[in-house]
Amino acid sequence: MPAKHWKTAGKIACSLATATVLMSQSHSQDASKQLDVTAELFDCITQMAKSASGSFFVDNILGDLEATQAAADSETGASYPPGSVVSLIPTEVMVKHNPGWNPETNDWEFIELNVSEGGSEINVRGTTAVVNQFGGNCFDCHKLARPEWDLICGSDHGCAPLPITRETILGIQNSDPRCVREDA
Ligand code: HEC
């Protein structure tokens, strides 16, 4: 191909890239609906409130734990209120932002943490593109939950089961290094 054509090809590639950026921006989160979520909000998992199913833990960073607990305890499914924090294992958390933040994920943000005796650090966070340390995309699994469950998988909400047993999950919950901190 003559140099001139390469230039044109380059220009087309460039405008495609720009278009892609613009498109992904149109799907981006609404900053005015975003809660301030920092690593300090996440601490010892077993000190959070337990869902009635007994499998996962909940909290609410806006102080409305009662509403989050009610959603988590519902036997027919519920939409979680803003501020909800949900966690099954210490390193994986879902946080609910204000209505309209990101409709595609029902306003949930998926977060992977690094946890240690020193506390929590945010490793990865976002909406549809967060991949955990095992190479799994959070949203791809969680979106399989039937609509009434608001992306919460539980043990029978329609998601494929995790490849680990209940005992293993309990073991991971009970060995959260953040729980042994003196100030925890
Ligand atoms: C391979 C599929 C898969 C991937 C990937 C995955 N999850 Fe899950 N997650 C599940 C399943 C299934 C459960 C329910 C397990 C149970 O209770 O038996 C679950 C449970 C949870 C829970 C407790 C509430 C609930 O939905 O039951 C949270 C919070 C959570 N995951 C967050 C995350 C985050 C954050 C990521 C990414 C960093 C992630 N998950 C990646 C499948 C997945």
# chains A, B, ... in the order shown; residues from 1 in each chain; ligands from 1

$ residues_near_ligand --ligand "ligand 1" --cutoff "9 Å" --atoms "only C-alpha atoms and all ligand atoms" --output "PyMOL selection string"
chain A and resi 53-58+72+85-89+91-95+109-113+124-125+130-142+145+149-166+169

$ write_last_selection --atoms "C-alpha atoms" --output "mmCIF file, in the first residue's frame"
data_model
loop_
_atom_site.group_PDB
_atom_site.id
_atom_site.type_symbol
_atom_site.label_atom_id
_atom_site.label_comp_id
_atom_site.auth_asym_id
_atom_site.auth_seq_id
_atom_site.Cartn_x
_atom_site.Cartn_y
_atom_site.Cartn_z
ATOM 1 C CA SER A 53 -29.301 -16.884 54.565
ATOM 2 C CA GLY A 54 -26.158 -16.779 56.683
ATOM 3 C CA SER A 55 -23.905 -16.783 53.648
ATOM 4 C CA PHE A 56 -22.958 -13.148 53.055
ATOM 5 C CA PHE A 57 -22.429 -9.985 55.080
ATOM 6 C CA VAL A 58 -23.965 -6.521 54.668
ATOM 7 C CA ALA A 72 -30.706 -9.105 52.103
ATOM 8 C CA VAL A 85 -22.259 -2.864 50.983
ATOM 9 C CA VAL A 86 -22.367 -6.617 50.363
ATOM 10 C CA SER A 87 -19.535 -9.101 50.782
ATOM 11 C CA LEU A 88 -19.154 -12.883 50.683
ATOM 12 C CA ILE A 89 -15.382 -13.079 50.874
ATOM 13 C CA THR A 91 -11.557 -9.390 48.937
ATOM 14 C CA GLU A 92 -14.790 -8.948 46.946
ATOM 15 C CA VAL A 93 -17.359 -6.250 47.666
ATOM 16 C CA MET A 94 -20.374 -4.717 45.958
ATOM 17 C CA VAL A 95 -21.421 -1.146 46.789
ATOM 18 C CA GLU A 109 -20.028 -0.983 41.787
ATOM 19 C CA PHE A 110 -17.865 -4.132 41.890
ATOM 20 C CA ILE A 111 -14.687 -3.836 43.916
ATOM 21 C CA GLU A 112 -11.755 -6.158 44.482
ATOM 22 C CA LEU A 113 -9.715 -5.415 47.577
ATOM 23 C CA VAL A 124 -9.803 -2.904 41.018
ATOM 24 C CA ARG A 125 -13.152 -1.146 40.924
ATOM 25 C CA VAL A 130 -13.952 -5.678 36.832
ATOM 26 C CA VAL A 131 -12.096 -8.985 36.758
ATOM 27 C CA ASN A 132 -11.159 -10.774 39.984
ATOM 28 C CA GLN A 133 -7.848 -12.467 40.835
ATOM 29 C CA PHE A 134 -9.152 -15.733 39.353
ATOM 30 C CA GLY A 135 -9.802 -14.110 35.963
ATOM 31 C CA GLY A 136 -13.568 -13.964 36.402
ATOM 32 C CA ASN A 137 -15.613 -10.907 35.441
ATOM 33 C CA CYS A 138 -17.834 -9.982 38.407
ATOM 34 C CA PHE A 139 -20.702 -8.569 36.351
ATOM 35 C CA ASP A 140 -20.751 -11.462 33.859
ATOM 36 C CA CYS A 141 -21.503 -13.865 36.702
ATOM 37 C CA HIS A 142 -23.737 -11.611 38.777
ATOM 38 C CA ALA A 145 -29.198 -13.557 38.911
ATOM 39 C CA TRP A 149 -32.542 -10.382 43.094
ATOM 40 C CA ASP A 150 -30.767 -7.153 42.039
ATOM 41 C CA LEU A 151 -27.557 -8.912 40.856
ATOM 42 C CA ILE A 152 -27.163 -10.763 44.162
ATOM 43 C CA CYS A 153 -26.351 -14.420 43.406
ATOM 44 C CA GLY A 154 -27.064 -16.176 46.713
ATOM 45 C CA SER A 155 -27.142 -19.933 46.344
ATOM 46 C CA ASP A 156 -30.219 -20.231 44.129
ATOM 47 C CA HIS A 157 -30.840 -16.940 42.293
ATOM 48 C CA GLY A 158 -29.796 -18.176 38.853
ATOM 49 C CA CYS A 159 -26.008 -17.634 38.832
ATOM 50 C CA ALA A 160 -23.678 -20.547 38.173
ATOM 51 C CA PRO A 161 -22.385 -21.826 41.533
ATOM 52 C CA LEU A 162 -18.896 -20.896 42.748
ATOM 53 C CA PRO A 163 -16.378 -23.731 42.469
ATOM 54 C CA ILE A 164 -15.776 -23.689 46.243
ATOM 55 C CA THR A 165 -17.739 -25.315 49.054
ATOM 56 C CA ARG A 166 -19.655 -23.554 51.820
ATOM 57 C CA ILE A 169 -16.203 -19.889 52.087
#

$ select_by_dssp --residues "stretch 14-159 of chain A" --states "helix (DSSP H, G or I)" --output "ChimeraX atom specification"
/A:14-26,31-33,39-41,45-47,65-73,103-105,138-142,147-149

$ write_last_selection --atoms "C-alpha atoms" --output "mmCIF file, in the first residue's frame"
data_model
loop_
_atom_site.group_PDB
_atom_site.id
_atom_site.type_symbol
_atom_site.label_atom_id
_atom_site.label_comp_id
_atom_site.auth_asym_id
_atom_site.auth_seq_id
_atom_site.Cartn_x
_atom_site.Cartn_y
_atom_site.Cartn_z
ATOM 1 C CA CYS A 14 -7.867 7.150 14.820
ATOM 2 C CA SER A 15 -11.445 8.252 14.354
ATOM 3 C CA LEU A 16 -12.616 4.741 15.242
ATOM 4 C CA ALA A 17 -10.647 4.946 18.458
ATOM 5 C CA THR A 18 -12.155 8.355 19.196
ATOM 6 C CA ALA A 19 -15.641 7.018 18.478
ATOM 7 C CA THR A 20 -15.041 4.098 20.825
ATOM 8 C CA VAL A 21 -13.906 6.439 23.586
ATOM 9 C CA LEU A 22 -16.982 8.616 23.065
ATOM 10 C CA MET A 23 -19.238 5.568 23.070
ATOM 11 C CA SER A 24 -17.768 4.194 26.251
ATOM 12 C CA GLN A 25 -18.075 7.637 27.795
ATOM 13 C CA SER A 26 -21.770 7.671 27.022
ATOM 14 C CA ALA A 31 -20.639 11.440 38.893
ATOM 15 C CA SER A 32 -23.451 13.362 40.590
ATOM 16 C CA LYS A 33 -24.964 10.042 41.738
ATOM 17 C CA ALA A 39 -10.723 1.740 51.130
ATOM 18 C CA GLU A 40 -11.129 2.842 54.764
ATOM 19 C CA LEU A 41 -14.828 1.949 54.584
ATOM 20 C CA ILE A 45 -15.954 -8.971 57.293
ATOM 21 C CA THR A 46 -17.299 -10.914 60.284
ATOM 22 C CA GLN A 47 -18.047 -7.664 62.090
ATOM 23 C CA LEU A 65 -28.381 -0.741 57.591
ATOM 24 C CA GLU A 66 -32.000 -1.579 58.370
ATOM 25 C CA ALA A 67 -33.044 -1.148 54.724
ATOM 26 C CA THR A 68 -30.026 -3.101 53.441
ATOM 27 C CA GLN A 69 -30.653 -5.894 55.945
ATOM 28 C CA ALA A 70 -34.309 -6.055 54.871
ATOM 29 C CA ALA A 71 -33.271 -6.432 51.214
ATOM 30 C CA ALA A 72 -30.706 -9.105 52.103
ATOM 31 C CA ASP A 73 -33.218 -11.033 54.222
ATOM 32 C CA PRO A 103 -28.268 1.678 35.171
ATOM 33 C CA GLU A 104 -26.561 -1.284 33.465
ATOM 34 C CA THR A 105 -25.362 -2.641 36.817
ATOM 35 C CA CYS A 138 -17.834 -9.982 38.407
ATOM 36 C CA PHE A 139 -20.702 -8.569 36.351
ATOM 37 C CA ASP A 140 -20.751 -11.462 33.859
ATOM 38 C CA CYS A 141 -21.503 -13.865 36.702
ATOM 39 C CA HIS A 142 -23.737 -11.611 38.777
ATOM 40 C CA PRO A 147 -34.041 -9.637 37.966
ATOM 41 C CA GLU A 148 -35.858 -9.609 41.319
ATOM 42 C CA TRP A 149 -32.542 -10.382 43.094
#

$ closest_residue --among "A:Ala52, A:Leu35, A:Ile122, A:Val115" --to "A:Ser84" --atoms "only C-alpha atoms"
A:Leu35

$ closest_residue --among "A:Ser116, A:Glu75, A:Pro82, A:Val180" --to "A:Trp101" --atoms "only C-alpha atoms"
A:Pro82

$ atom_distance --atom1 "atom CA of A:Pro90" --atom2 "atom CA of A:Asn60"
16.0 Å

$ closest_residue --among "A:Thr38, A:Thr168, A:Thr127, A:Ser120" --to "A:Asn102" --atoms "only C-alpha atoms"
A:Thr127

$ closest_residue --among "A:Ser28, A:Asn114, A:Ser74, A:Asn98" --to "A:Phe42" --atoms "only C-alpha atoms"
A:Asn114

$ residues_around --residues "A:Asn106" --least-positions-apart "6" --cutoff "9 Å" --atoms "only C-alpha atoms" --output "PyMOL selection string"
chain A and resi 79+96-97+99-100+150-151

$ write_last_selection --atoms "N, CA and C atoms" --output "PDB file, in the first residue's frame"
ATOM      1  N   SER A  79     -34.750  -4.728  45.747  1.00  0.00           N
ATOM      2  CA  SER A  79     -33.749  -3.810  45.243  1.00  0.00           C
ATOM      3  C   SER A  79     -33.033  -3.222  46.453  1.00  0.00           C
ATOM      4  N   LYS A  96     -23.610  -0.121  46.486  1.00  0.00           N
ATOM      5  CA  LYS A  96     -24.709   0.465  45.718  1.00  0.00           C
ATOM      6  C   LYS A  96     -24.628   1.987  45.762  1.00  0.00           C
ATOM      7  N   HIS A  97     -24.497   2.604  44.599  1.00  0.00           N
ATOM      8  CA  HIS A  97     -24.490   4.068  44.512  1.00  0.00           C
ATOM      9  C   HIS A  97     -25.929   4.587  44.403  1.00  0.00           C
ATOM     10  N   PRO A  99     -29.444   6.076  42.836  1.00  0.00           N
ATOM     11  CA  PRO A  99     -30.192   5.694  41.629  1.00  0.00           C
ATOM     12  C   PRO A  99     -29.762   6.512  40.411  1.00  0.00           C
ATOM     13  N   GLY A 100     -29.467   5.816  39.304  1.00  0.00           N
ATOM     14  CA  GLY A 100     -29.075   6.492  38.071  1.00  0.00           C
ATOM     15  C   GLY A 100     -27.567   6.553  37.876  1.00  0.00           C
ATOM     16  N   ASP A 150     -31.643  -8.326  42.069  1.00  0.00           N
ATOM     17  CA  ASP A 150     -30.767  -7.153  42.039  1.00  0.00           C
ATOM     18  C   ASP A 150     -29.271  -7.524  41.982  1.00  0.00           C
ATOM     19  N   LEU A 151     -28.950  -8.481  41.102  1.00  0.00           N
ATOM     20  CA  LEU A 151     -27.557  -8.912  40.856  1.00  0.00           C
ATOM     21  C   LEU A 151     -26.909  -9.660  42.021  1.00  0.00           C
TER      22      LEU A 151
END

$ closest_residue --among "A:Thr128, A:Tyr80, A:Met48, A:Gly63" --to "A:Lys143" --atoms "only C-alpha atoms"
A:Thr128
